[in-house]
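Have a look at coords.cif; it's mmCIF, C-alpha atoms:
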data_final
loop_
_atom_site.label_atom_id
_atom_site.label_comp_id
_atom_site.auth_asym_id
_atom_site.auth_seq_id
_atom_site.Cartn_x
_atom_site.Cartn_y
_atom_site.Cartn_z
CA MET R 227 -42.32 1.42 5.45
CA LEU R 228 -44.90 2.70 3.02
CA ASN R 229 -45.39 6.12 4.53
CA GLN R 230 -47.75 8.64 3.05
CA ILE R 231 -46.40 10.77 0.28
CA VAL R 232 -45.67 14.36 1.27
CA PRO R 233 -47.36 16.94 -1.00
CA VAL R 234 -44.98 18.26 -3.61
CA VAL R 235 -43.66 21.80 -3.27
CA LYS R 236 -41.55 22.88 -6.21
CA THR R 237 -38.38 24.77 -5.53
CA PRO R 238 -37.54 27.76 -7.73
CA ARG R 239 -34.70 25.72 -9.18
CA GLU R 240 -37.06 22.95 -10.28
CA ALA R 241 -39.47 25.45 -11.77
CA THR R 242 -36.80 26.54 -14.26
CA VAL R 243 -35.74 23.07 -15.39
CA ALA R 244 -35.56 22.58 -19.13
CA PRO R 245 -38.80 21.15 -20.59
CA SER R 246 -37.17 17.81 -21.42
CA LEU R 247 -36.22 17.29 -17.76
CA ALA R 248 -38.98 19.17 -15.97
CA PRO R 249 -41.59 17.28 -13.98
CA SER R 250 -45.23 17.92 -14.64
CA SER R 251 -46.78 20.87 -12.86
CA THR R 252 -49.29 18.53 -11.29
CA SER R 253 -48.56 15.89 -8.70
CA ARG R 254 -50.39 12.95 -7.26
CA LYS R 255 -52.33 13.31 -4.05
CA PRO R 256 -50.76 11.84 -0.92
CA GLY R 257 -51.86 8.34 -0.11
CA ARG R 258 -50.69 4.84 0.62
CA LEU R 259 -49.99 2.61 -2.34
CA TYR R 260 -51.67 -0.57 -1.16
CA VAL R 261 -50.56 -2.46 -4.25
CA LEU R 262 -46.91 -2.29 -3.12
CA ASP R 263 -47.83 -4.36 -0.05
CA GLY R 264 -49.15 -7.10 -2.28
CA LEU R 265 -46.15 -6.93 -4.59
CA ARG R 266 -43.73 -7.22 -1.68
CA LEU R 267 -45.52 -10.33 -0.39
CA SER R 268 -45.49 -11.79 -3.92
CA ALA R 269 -41.72 -11.30 -4.07
CA ALA R 270 -41.32 -12.97 -0.66
CA VAL R 271 -43.45 -15.95 -1.69
CA MET R 272 -41.30 -16.37 -4.81
CA VAL R 273 -38.19 -16.58 -2.63
CA VAL R 274 -39.89 -18.97 -0.19
CA MET R 275 -40.94 -21.33 -2.99
CA TYR R 276 -37.41 -21.18 -4.40
CA HIS R 277 -35.91 -22.23 -1.07
CA TYR R 278 -38.55 -24.84 -0.30
CA MET R 279 -39.12 -26.40 -3.73
CA ALA R 280 -35.93 -25.79 -5.69
CA VAL R 281 -32.87 -25.32 -3.47
CA GLY R 282 -32.96 -27.99 -0.82
CA GLY R 283 -33.43 -28.71 2.83
CA TRP R 284 -34.71 -32.18 1.96
CA PRO R 285 -32.81 -35.45 2.39
CA ARG R 286 -33.03 -36.18 -1.35
CA PRO R 287 -32.92 -34.06 -4.54
CA VAL R 288 -35.75 -31.54 -4.68
CA ALA R 289 -36.31 -32.15 -8.40
CA GLN R 290 -37.38 -35.69 -7.51
CA ILE R 291 -39.71 -34.56 -4.73
CA PHE R 292 -41.48 -31.80 -6.68
CA PRO R 293 -40.93 -32.64 -10.37
CA GLU R 294 -43.95 -30.63 -11.51
CA THR R 295 -43.13 -27.38 -9.69
CA PHE R 296 -39.33 -27.53 -9.60
CA PRO R 297 -38.83 -25.87 -13.04
CA ALA R 298 -40.93 -22.83 -12.07
CA ALA R 299 -39.67 -22.66 -8.48
CA SER R 300 -36.05 -22.59 -9.68
CA TYR R 301 -36.63 -19.02 -10.93
CA GLY R 302 -38.06 -17.86 -7.61
CA TYR R 303 -34.73 -16.37 -6.53
CA LEU R 304 -35.58 -13.45 -8.85
CA GLY R 305 -37.97 -12.30 -6.14
CA VAL R 306 -34.91 -10.66 -4.56
CA GLU R 307 -34.45 -8.47 -7.64
CA PHE R 308 -38.12 -7.56 -7.36
CA PHE R 309 -37.50 -6.56 -3.73
CA PHE R 310 -34.66 -4.27 -4.80
CA LEU R 311 -36.81 -2.70 -7.52
CA ILE R 312 -39.63 -2.03 -5.06
CA SER R 313 -37.15 -0.79 -2.45
CA GLY R 314 -35.84 1.92 -4.77
CA PHE R 315 -39.40 3.17 -5.17
CA VAL R 316 -40.41 2.89 -1.52
CA ILE R 317 -37.28 4.41 0.03
CA CYS R 318 -37.50 7.39 -2.28
CA MET R 319 -41.16 7.79 -1.37
CA SER R 320 -40.74 7.41 2.38
CA ALA R 321 -37.75 9.80 2.60
CA TRP R 322 -39.18 12.60 0.49
CA GLY R 323 -39.69 15.81 2.47
CA ARG R 324 -38.24 14.35 5.67
CA PRO R 325 -35.00 15.32 7.45
CA LEU R 326 -32.08 12.91 7.41
CA LYS R 327 -32.58 12.02 11.08
CA ASP R 328 -36.14 10.86 10.39
CA PHE R 329 -34.89 8.74 7.51
CA PHE R 330 -32.29 7.11 9.77
CA VAL R 331 -34.82 6.46 12.55
CA SER R 332 -37.37 5.01 10.14
CA ARG R 333 -34.82 2.54 8.74
CA VAL R 334 -33.68 1.37 12.19
CA VAL R 335 -37.27 0.98 13.40
CA ARG R 336 -38.24 -0.86 10.23
CA LEU R 337 -35.30 -3.25 9.97
CA TYR R 338 -34.00 -4.22 13.38
CA PRO R 339 -36.87 -5.44 15.63
CA ALA R 340 -37.96 -8.32 13.37
CA TYR R 341 -34.34 -8.99 12.42
CA TRP R 342 -33.20 -9.38 16.04
CA PHE R 343 -36.06 -11.79 16.66
CA ALA R 344 -35.21 -13.76 13.50
CA VAL R 345 -31.54 -14.10 14.46
CA ILE R 346 -32.47 -15.46 17.89
CA ALA R 347 -35.33 -17.66 16.66
CA THR R 348 -33.30 -19.16 13.81
CA SER R 349 -30.32 -19.83 16.06
CA LEU R 350 -32.53 -21.59 18.61
CA ALA R 351 -34.35 -23.58 15.93
CA VAL R 352 -31.10 -24.81 14.40
CA ALA R 353 -29.75 -25.69 17.85
CA LEU R 354 -32.89 -27.47 19.10
CA ILE R 355 -34.45 -29.13 16.04
CA PRO R 356 -32.47 -32.26 15.08
CA GLY R 357 -32.47 -31.45 11.38
CA GLY R 358 -28.73 -31.84 10.84
CA ARG R 359 -27.63 -28.20 10.59
CA ARG R 360 -25.10 -26.89 13.12
CA HIS R 361 -25.65 -23.48 14.66
CA LEU R 362 -22.94 -20.84 14.58
CA PRO R 363 -20.77 -20.08 17.62
CA TRP R 364 -22.57 -17.72 19.97
CA ASN R 365 -20.06 -14.93 19.40
CA ASP R 366 -20.88 -15.05 15.67
CA ILE R 367 -24.59 -14.98 16.51
CA LEU R 368 -24.05 -11.84 18.58
CA THR R 369 -22.17 -10.27 15.67
CA ASN R 370 -25.15 -11.06 13.44
CA LEU R 371 -27.32 -8.84 15.63
CA THR R 372 -25.49 -5.83 14.17
CA MET R 373 -26.53 -6.77 10.62
CA LEU R 374 -22.90 -6.08 9.68
CA GLN R 375 -21.62 -9.65 9.75
CA GLU R 376 -20.79 -9.70 6.03
CA PRO R 377 -18.28 -6.80 6.05
CA LEU R 378 -16.92 -8.13 9.36
CA GLY R 379 -16.20 -11.52 7.79
CA VAL R 380 -18.66 -13.49 9.94
CA ALA R 381 -21.07 -16.10 8.59
CA SER R 382 -24.76 -15.23 8.64
CA VAL R 383 -27.21 -17.06 10.89
CA ASP R 384 -29.45 -17.46 7.82
CA ALA R 385 -28.37 -17.27 4.20
CA VAL R 386 -31.09 -14.77 3.24
CA TYR R 387 -29.44 -12.04 5.31
CA TRP R 388 -27.06 -11.16 2.45
CA THR R 389 -29.80 -9.01 0.90
CA LEU R 390 -30.00 -6.88 4.05
CA PHE R 391 -26.41 -5.76 3.61
CA ALA R 392 -27.25 -4.78 0.02
CA GLU R 393 -30.16 -2.74 1.35
CA LEU R 394 -27.92 -1.09 3.95
CA ARG R 395 -25.49 -0.01 1.24
CA PHE R 396 -28.36 1.48 -0.75
CA TYR R 397 -29.53 3.35 2.37
CA LEU R 398 -26.04 4.71 2.88
CA LEU R 399 -25.88 6.07 -0.67
CA PHE R 400 -29.41 7.41 -0.47
CA ALA R 401 -28.72 9.05 2.91
CA LEU R 402 -26.10 11.22 1.21
CA LEU R 403 -28.74 12.35 -1.26
CA ALA R 404 -31.32 12.88 1.50
CA TRP R 405 -28.80 14.99 3.42
CA TRP R 406 -28.36 17.16 0.31
CA GLY R 407 -32.13 17.41 -0.09
CA LEU R 408 -34.51 15.47 -2.33
CA THR R 409 -35.69 17.23 -5.46
CA TYR R 410 -36.61 15.95 -8.88
CA ARG R 411 -33.35 17.07 -10.47
CA ARG R 412 -31.16 15.79 -7.66
CA VAL R 413 -32.70 12.32 -7.64
CA LEU R 414 -32.46 12.24 -11.43
CA LEU R 415 -28.79 13.23 -11.23
CA PHE R 416 -28.21 10.61 -8.52
CA CYS R 417 -29.69 7.90 -10.77
CA CYS R 418 -27.44 8.92 -13.66
CA VAL R 419 -24.28 9.18 -11.54
CA TRP R 420 -24.90 5.81 -9.88
CA GLY R 421 -25.54 4.23 -13.27
CA ALA R 422 -22.31 5.69 -14.68
CA ALA R 423 -20.38 4.49 -11.62
CA THR R 424 -21.86 1.02 -12.09
CA ILE R 425 -20.61 0.87 -15.67
CA LEU R 426 -17.11 1.94 -14.62
CA VAL R 427 -16.88 -0.36 -11.60
CA ALA R 428 -18.50 -3.50 -13.06
CA PRO R 429 -15.29 -4.84 -14.72
CA ALA R 430 -13.14 -4.04 -11.66
CA PRO R 431 -11.99 -6.71 -9.19
CA PRO R 432 -13.61 -6.89 -5.75
CA GLY R 433 -12.83 -3.89 -3.59
CA PRO R 434 -14.41 -1.20 -1.39
CA LEU R 435 -15.70 0.85 -4.34
CA ARG R 436 -17.30 -2.14 -6.03
CA LEU R 437 -18.78 -3.19 -2.69
CA LEU R 438 -20.42 0.22 -2.32
CA VAL R 439 -21.63 0.66 -5.90
CA MET R 440 -23.10 -2.88 -6.12
CA PRO R 441 -22.97 -3.37 -9.92
CA GLU R 442 -24.83 -6.68 -9.56
CA HIS R 443 -27.93 -5.01 -8.06
CA SER R 444 -27.69 -1.25 -8.57
CA TRP R 445 -29.82 -1.18 -11.73
CA PHE R 446 -32.87 -2.34 -9.79
CA PHE R 447 -32.53 0.33 -7.12
CA ILE R 448 -31.98 2.99 -9.79
CA ALA R 449 -35.01 1.87 -11.77
CA GLY R 450 -37.13 1.90 -8.61
CA MET R 451 -36.18 5.52 -7.93
CA ALA R 452 -36.95 6.48 -11.54
CA PHE R 453 -40.34 4.79 -11.24
CA TYR R 454 -41.04 6.86 -8.13
CA LEU R 455 -40.17 10.07 -9.98
CA MET R 456 -42.69 8.98 -12.62
CA TYR R 457 -45.29 8.43 -9.95
CA ARG R 458 -44.68 11.71 -8.14
CA PHE R 459 -44.05 14.02 -11.09
CA ARG R 460 -45.67 12.12 -13.99
CA PRO R 461 -43.73 10.12 -16.62
CA ASN R 462 -41.49 11.65 -19.26
CA LEU R 463 -39.08 10.43 -21.91
CA MET R 464 -36.01 10.85 -19.68
CA LEU R 465 -37.43 8.64 -16.93
CA PHE R 466 -38.59 5.97 -19.36
CA GLY R 467 -35.11 6.04 -20.88
CA ILE R 468 -33.50 5.46 -17.48
CA VAL R 469 -35.85 2.56 -16.76
CA GLY R 470 -35.16 1.03 -20.18
CA VAL R 471 -31.40 1.28 -19.69
CA CYS R 472 -31.73 -0.27 -16.23
CA TYR R 473 -33.70 -3.23 -17.56
CA CYS R 474 -31.27 -3.94 -20.39
CA ALA R 475 -28.18 -3.42 -18.22
CA SER R 476 -29.53 -5.64 -15.44
CA LEU R 477 -29.85 -8.66 -17.72
CA ALA R 478 -26.14 -9.51 -17.95
CA PRO R 479 -25.38 -9.70 -14.20
CA THR R 480 -28.71 -11.40 -13.46
CA ILE R 481 -28.21 -14.08 -16.10
CA ASP R 482 -24.60 -14.56 -14.98
CA ARG R 483 -25.89 -15.20 -11.49
CA PHE R 484 -28.45 -17.65 -12.89
CA LYS R 485 -25.73 -19.59 -14.69
CA GLN R 486 -23.82 -19.91 -11.42
CA LEU R 487 -26.76 -21.83 -9.88
CA THR R 488 -25.50 -25.10 -11.33
CA PHE R 489 -27.37 -27.18 -8.73
CA LEU R 490 -30.60 -26.28 -10.55
CA GLY R 491 -29.51 -28.31 -13.55
CA ASP R 492 -29.69 -27.29 -17.20
CA ARG R 493 -32.39 -24.63 -17.11
CA PRO R 494 -33.00 -22.13 -19.94
CA ALA R 495 -32.07 -18.51 -19.31
CA TRP R 496 -34.81 -16.87 -21.40
CA PRO R 497 -37.40 -16.96 -18.56
CA VAL R 498 -35.11 -14.60 -16.63
CA LEU R 499 -35.66 -11.95 -19.32
CA VAL R 500 -39.41 -12.49 -19.25
CA ILE R 501 -39.72 -12.44 -15.46
CA LEU R 502 -37.63 -9.27 -15.13
CA ALA R 503 -39.71 -7.66 -17.88
CA ALA R 504 -42.83 -8.56 -15.89
CA PHE R 505 -41.36 -6.91 -12.78
CA PHE R 506 -40.56 -3.73 -14.68
CA GLY R 507 -43.96 -3.81 -16.36
CA VAL R 508 -45.83 -4.07 -13.08
CA MET R 509 -43.81 -1.23 -11.58
CA ALA R 510 -44.56 0.86 -14.68
CA LEU R 511 -48.27 0.32 -13.99
CA VAL R 512 -47.70 1.43 -10.39
CA ALA R 513 -45.70 4.47 -11.49
CA THR R 514 -48.35 5.59 -13.98
CA GLY R 515 -51.13 5.24 -11.40
CA LYS R 516 -52.85 2.32 -13.13
CA LEU R 517 -52.88 0.24 -9.92
CA SER R 518 -53.59 3.01 -7.41
CA GLY R 519 -57.22 1.95 -7.18
CA MET R 520 -56.30 -1.37 -5.58
CA ARG R 521 -57.21 -0.73 -1.94
CA TRP R 522 -58.17 -4.17 -0.69
CA LYS R 523 -58.16 -4.34 3.09
CA TRP R 524 -55.94 -7.41 3.24
CA LEU R 525 -53.05 -5.78 1.35
CA PRO R 526 -51.58 -3.91 4.38
CA ILE R 527 -51.64 -7.20 6.28
CA ALA R 528 -49.80 -8.83 3.38
CA GLY R 529 -47.19 -6.11 3.54
CA ALA R 530 -46.78 -6.57 7.29
CA LEU R 531 -46.08 -10.30 6.82
CA THR R 532 -43.43 -9.82 4.14
CA TYR R 533 -40.33 -8.90 6.12
CA PRO R 534 -40.71 -11.43 8.99
CA LEU R 535 -41.59 -14.16 6.48
CA TYR R 536 -38.49 -13.44 4.45
CA LEU R 537 -36.24 -13.44 7.52
CA LEU R 538 -37.61 -16.59 9.16
CA HIS R 539 -38.51 -19.04 6.42
CA GLU R 540 -35.29 -20.59 5.09
CA PHE R 541 -33.19 -22.40 7.70
CA ILE R 542 -36.09 -22.95 10.11
CA GLY R 543 -38.14 -24.45 7.30
CA TRP R 544 -35.28 -26.66 6.19
CA GLU R 545 -34.80 -27.99 9.72
CA PHE R 546 -38.47 -28.97 9.87
CA PHE R 547 -38.32 -30.64 6.46
CA ARG R 548 -35.36 -32.86 7.34
CA TYR R 549 -36.61 -33.72 10.81
CA PHE R 550 -40.18 -34.65 9.84
CA THR R 551 -39.09 -36.46 6.66
CA TYR R 552 -37.11 -38.89 8.82
CA ALA R 553 -39.48 -38.91 11.81
CA THR R 554 -42.72 -39.29 9.82
CA PRO R 555 -41.81 -40.60 6.35
CA GLN R 556 -45.46 -41.34 5.61
CA VAL R 557 -46.29 -37.61 5.53
CA SER R 558 -46.55 -36.20 2.03
CA PRO R 559 -43.89 -33.60 1.12
CA TRP R 560 -46.70 -31.42 -0.21
CA ALA R 561 -48.48 -31.58 3.14
CA LEU R 562 -45.23 -30.77 4.93
CA VAL R 563 -44.45 -27.78 2.69
CA THR R 564 -47.99 -26.46 3.07
CA ALA R 565 -47.94 -26.84 6.85
CA VAL R 566 -44.54 -25.16 7.22
CA PHE R 567 -45.48 -22.32 4.88
CA LEU R 568 -48.75 -21.63 6.69
CA GLY R 569 -46.93 -21.85 10.02
CA MET R 570 -44.42 -19.28 8.79
CA LEU R 571 -47.25 -16.94 7.81
CA VAL R 572 -48.78 -17.23 11.28
CA LEU R 573 -45.41 -16.74 12.94
CA SER R 574 -44.73 -13.71 10.74
CA TYR R 575 -48.03 -12.12 11.78
CA LEU R 576 -47.25 -12.72 15.45
CA VAL R 577 -43.78 -11.21 15.03
CA HIS R 578 -45.32 -8.15 13.43
CA ARG R 579 -47.90 -7.68 16.19
CA LEU R 580 -45.86 -8.71 19.24
CA VAL R 581 -42.32 -7.71 18.26
CA GLU R 582 -42.18 -5.18 15.44
CA ARG R 583 -44.92 -2.88 16.67
CA PRO R 584 -44.05 -2.55 20.37
CA LEU R 585 -40.28 -2.66 19.95
CA GLY R 586 -40.49 -0.32 16.98
CA ARG R 587 -42.42 2.24 19.03
CA TYR R 588 -39.87 1.97 21.84
CA LEU R 589 -36.94 2.46 19.46
CA LYS R 590 -38.64 5.38 17.75
CA ARG R 591 -39.20 7.19 21.06
CA GLY R 592 -35.65 6.53 22.18
CA LEU R 593 -33.98 7.56 18.93
CA ALA R 594 -36.13 10.69 18.68
CA ARG R 595 -34.38 12.06 21.78
CA ILE R 596 -30.93 11.86 20.17
#
Write-out of the structure in structure tokens:
Amino acid sequence: MLNQIVPVVKTPREATVAPSLAPSSTSRKPGRLYVLDGLRLSAAVMVVMYHYMAVGGWPRPVAQIFPETFPAASYGYLGVEFFFLISGFVICMSAWGRPLKDFFVSRVVRLYPAYWFAVIATSLAVALIPGGRRHLPWNDILTNLTMLQEPLGVASVDAVYWTLFAELRFYLLFALLAWWGLTYRRVLLFCCVWGAATILVAPAPPGPLRLLVMPEHSWFFIAGMAFYLMYRFRPNLMLFGIVGVCYCASLAPTIDRFKQLTFLGDRPAWPVLVILAAFFGVMALVATGKLSGMRWKWLPIAGALTYPLYLLHEFIGWEFFRYFTYATPQVSPWALVTAVFLGMLVLSYLVHRLVERPLGRYLKRGLARI
């Protein structure tokens, strides 16, 4: 997913951009941003802790089981917003200088192998582990394999899959831009047009246009793309302005979503502002090259674990929690959470090595012939 950056070649059109909009004449050398692997895993762990130590899956209220960590874990759902922010950066980076077909193939190869395994594994776990959850009808499970169950009106095998449909909509919008051709000015224009569309569509009732524009999440994708333009072409006032607008505009829908999580109890909203500011701050450090020196060898492994961990952890983990809480009540909830979390990490690594890699290579060869 984190492909190497293609060296920048300015088009004549970009060379004549007004100084206020023009990118710097220098560009960063191609290379993998290892830090993004670590950030992606951090976002996934936030979501895991939210589902394990704030949402449920236990036979009694989670706030009673983990009273010390519940307040912090209840904000872990914001890891999804961090994913979207990173995704805007990474998709822009991985698609730059590549034809539209390569972008399409890379997304299929990246998303579907682990996802197909997760759909099957989660369905089997829910069916076989006596944790109390009922699996979906098999025809709905087959529909889930398309990753299009949400627009088709079919329930998801696992609740976390809703974010994948958001990513698919972003890919669709970005594919139109990639088909046109990625340049500094075009990506900048795309960010501004999407932001303007978000403002216009946000008050509208649900409908196809609102579904496509995604006013609840678009600001994070837009900011991620602006951060990538900073990284590739150096920062300027226009890009910082876009990022600032995205942060401020994202607060209202994000806090509204937080207020809808009534099962978390009466939790203050101000940490949402702080956590989002931390996300934007970290990405600003990435965009300005401050974290490019982080090249620890374990970071690519962390990145490889992220996607399978995110797909597999929720319903499978919940089934284990309920089953072992009743079967072995003497086991500490902390020991159970730790064991399940470590088991998910091991399973995620195996999925990456035994499913994603070989199946991804097969899909890439097959799609390349189209």
Per-residue nearest contacts of segment 445-550 of chain R to segment 307-317 of chain R (12 Å; all atoms listed in the file) as JSON lines:
{"residue": "R:Trp445", "atom": "CA", "partner": "R:Leu311", "partner_atom": "CA", "distance": 8.3}
{"residue": "R:Phe446", "atom": "CA", "partner": "R:Leu311", "partner_atom": "CA", "distance": 4.6}
{"residue": "R:Phe447", "atom": "CA", "partner": "R:Gly314", "partner_atom": "CA", "distance": 4.4}
{"residue": "R:Ile448", "atom": "CA", "partner": "R:Gly314", "partner_atom": "CA", "distance": 6.4}
{"residue": "R:Ala449", "atom": "CA", "partner": "R:Leu311", "partner_atom": "CA", "distance": 6.5}
{"residue": "R:Gly450", "atom": "CA", "partner": "R:Gly314", "partner_atom": "CA", "distance": 4.1}
{"residue": "R:Met451", "atom": "CA", "partner": "R:Gly314", "partner_atom": "CA", "distance": 4.8}
{"residue": "R:Ala452", "atom": "CA", "partner": "R:Phe315", "partner_atom": "CA", "distance": 7.6}
{"residue": "R:Phe453", "atom": "CA", "partner": "R:Phe315", "partner_atom": "CA", "distance": 6.4}
{"residue": "R:Tyr454", "atom": "CA", "partner": "R:Phe315", "partner_atom": "CA", "distance": 5.0}
{"residue": "R:Leu455", "atom": "CA", "partner": "R:Phe315", "partner_atom": "CA", "distance": 8.4}
{"residue": "R:Met456", "atom": "CA", "partner": "R:Phe315", "partner_atom": "CA", "distance": 10.0}
{"residue": "R:Tyr457", "atom": "CA", "partner": "R:Phe315", "partner_atom": "CA", "distance": 9.2}
{"residue": "R:Arg458", "atom": "CA", "partner": "R:Phe315", "partner_atom": "CA", "distance": 10.5}
{"residue": "R:Val469", "atom": "CA", "partner": "R:Leu311", "partner_atom": "CA", "distance": 10.7}
{"residue": "R:Cys472", "atom": "CA", "partner": "R:Leu311", "partner_atom": "CA", "distance": 10.4}
{"residue": "R:Tyr473", "atom": "CA", "partner": "R:Leu311", "partner_atom": "CA", "distance": 10.5}
{"residue": "R:Ser476", "atom": "CA", "partner": "R:Glu307", "partner_atom": "CA", "distance": 9.6}
{"residue": "R:Leu477", "atom": "CA", "partner": "R:Glu307", "partner_atom": "CA", "distance": 11.1}
{"residue": "R:Pro479", "atom": "CA", "partner": "R:Glu307", "partner_atom": "CA", "distance": 11.3}
{"residue": "R:Thr480", "atom": "CA", "partner": "R:Glu307", "partner_atom": "CA", "distance": 8.7}
{"residue": "R:Ile481", "atom": "CA", "partner": "R:Glu307", "partner_atom": "CA", "distance": 11.9}
{"residue": "R:Arg483", "atom": "CA", "partner": "R:Glu307", "partner_atom": "CA", "distance": 11.5}
{"residue": "R:Val498", "atom": "CA", "partner": "R:Glu307", "partner_atom": "CA", "distance": 10.9}
{"residue": "R:Ile501", "atom": "CA", "partner": "R:Phe308", "partner_atom": "CA", "distance": 9.6}
{"residue": "R:Leu502", "atom": "CA", "partner": "R:Phe308", "partner_atom": "CA", "distance": 8.0}
{"residue": "R:Ala503", "atom": "CA", "partner": "R:Phe308", "partner_atom": "CA", "distance": 10.6}
{"residue": "R:Ala504", "atom": "CA", "partner": "R:Phe308", "partner_atom": "CA", "distance": 9.8}
{"residue": "R:Phe505", "atom": "CA", "partner": "R:Phe308", "partner_atom": "CA", "distance": 6.3}
{"residue": "R:Phe506", "atom": "CA", "partner": "R:Leu311", "partner_atom": "CA", "distance": 8.1}
{"residue": "R:Gly507", "atom": "CA", "partner": "R:Phe308", "partner_atom": "CA", "distance": 11.4}
{"residue": "R:Val508", "atom": "CA", "partner": "R:Phe308", "partner_atom": "CA", "distance": 10.2}
{"residue": "R:Met509", "atom": "CA", "partner": "R:Ile312", "partner_atom": "CA", "distance": 7.8}
{"residue": "R:Ala510", "atom": "CA", "partner": "R:Phe315", "partner_atom": "CA", "distance": 11.1}
{"residue": "R:Val512", "atom": "CA", "partner": "R:Phe315", "partner_atom": "CA", "distance": 10.0}
{"residue": "R:Ala513", "atom": "CA", "partner": "R:Phe315", "partner_atom": "CA", "distance": 9.0}
{"residue": "R:Thr532", "atom": "CA", "partner": "R:Phe309", "partner_atom": "CA", "distance": 10.4}
{"residue": "R:Tyr533", "atom": "CA", "partner": "R:Phe309", "partner_atom": "CA", "distance": 10.5}
{"residue": "R:Tyr536", "atom": "CA", "partner": "R:Phe309", "partner_atom": "CA", "distance": 10.7}
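For the pair atom CA of Leu568 of chain R and atom CA of Phe547 of chain R, the interatomic distance is 13.8 Å.
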### Query
R:Met275, R:Val563, R:Val386, R:Val572: which is nearest Ala344 of chain R, counting only C-alpha atoms?
R:Val386
### Task
Tell me which protein, DNA and RNA residues are within 10 Å of segment 378-381 of chain R, counting all atoms listed in the file, leaving out same-chain ones fewer than 4 positions away, and put them as a list in words.
Leu362, Pro363, Asn365, Asp366, Ile367, Thr369, Asn370, Met373, Leu374, Ala385, Tyr387 and Trp388 of chain R
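Straight-line separation from atom CA of Val471 of chain R to atom CA of Trp420 of chain R: 12.6 Å.
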### Query
Hey, what comes out of the PyMOL selection byres ((chain R and resi 395-400) around 9) on this file? Could you write it as a list in words?
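Expected selection for the PyMOL selection byres ((chain R and resi 395-400) around 9) here is Gly314, Ile317, Cys318, Phe330, Arg333, Leu390, Phe391, Ala392, Glu393, Leu394, Ala401, Leu402, Leu403, Ala404, Trp405, Phe416, Leu437, Leu438, Val439, Met440, Ser444 and Phe447 of chain R.
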### Query
When distances are computed from all atoms listed in the file, which of R:Ala351, R:Ala289, R:Val345, R:Leu499 shows the smallest separation from Gln375 of chain R?
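Among the listed residues, the smallest separation from Gln375 of chain R belongs to R:Val345.
Pairwise distance (atom CA of Arg579 of chain R, atom CA of Trp342 of chain R) equals 14.8 Å.
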Hey, could you pull the box centre and edge lengths for segment 275-288 of chain R, axis-aligned, 6 Å padding per side, all listed atoms, to one decimal in Å, as lines of an AutoDock Vina configuration file?
center_x = -36.9
center_y = -28.7
center_z = -1.4
size_x = 20.1
size_y = 27.0
size_z = 20.5
#### Entry: Closest of R:Phe489, R:Tyr575, R:Phe541, R:Tyr549 to Ser382 of chain R - atom-to-atom distances counting all atoms listed in the file
R:Phe541
For Leu576 of chain R, find every residue with an atom within 12 Å (counting only C-alpha atoms), except residues of its own chain fewer than 4 positions away, and show them as a PDB file with C-alpha atoms, in the frame of the given file.
ATOM      1  CA  ALA R 340     -37.960  -8.320  13.370  1.00  0.00           C
ATOM      2  CA  PHE R 343     -36.060 -11.790  16.660  1.00  0.00           C
ATOM      3  CA  ILE R 527     -51.640  -7.200   6.280  1.00  0.00           C
ATOM      4  CA  ALA R 530     -46.780  -6.570   7.290  1.00  0.00           C
ATOM      5  CA  LEU R 531     -46.080 -10.300   6.820  1.00  0.00           C
ATOM      6  CA  PRO R 534     -40.710 -11.430   8.990  1.00  0.00           C
ATOM      7  CA  LEU R 535     -41.590 -14.160   6.480  1.00  0.00           C
ATOM      8  CA  GLY R 569     -46.930 -21.850  10.020  1.00  0.00           C
ATOM      9  CA  MET R 570     -44.420 -19.280   8.790  1.00  0.00           C
ATOM     10  CA  LEU R 571     -47.250 -16.940   7.810  1.00  0.00           C
ATOM     11  CA  VAL R 572     -48.780 -17.230  11.280  1.00  0.00           C
ATOM     12  CA  LEU R 580     -45.860  -8.710  19.240  1.00  0.00           C
ATOM     13  CA  VAL R 581     -42.320  -7.710  18.260  1.00  0.00           C
ATOM     14  CA  GLU R 582     -42.180  -5.180  15.440  1.00  0.00           C
ATOM     15  CA  ARG R 583     -44.920  -2.880  16.670  1.00  0.00           C
ATOM     16  CA  PRO R 584     -44.050  -2.550  20.370  1.00  0.00           C
TER      17      PRO R 584
END
### Task
Taking the file as shown, find all residues satisfying the PyMOL selection byres ((chain R and resi 423) around 10) and write them as a PyMOL selection string.
chain R and resi 417-422+424-428+435-436+439-441+444
### Message
Residues near Ser349 of chain R, anyone? I mean within 7 Å using only C-alpha atoms, not counting same-chain ones fewer than 3 positions away, as a list in words.
### Response
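Result of the neighbour search: Val345, Ile346, Val352, Ala353, His361 and Val383 of chain R.
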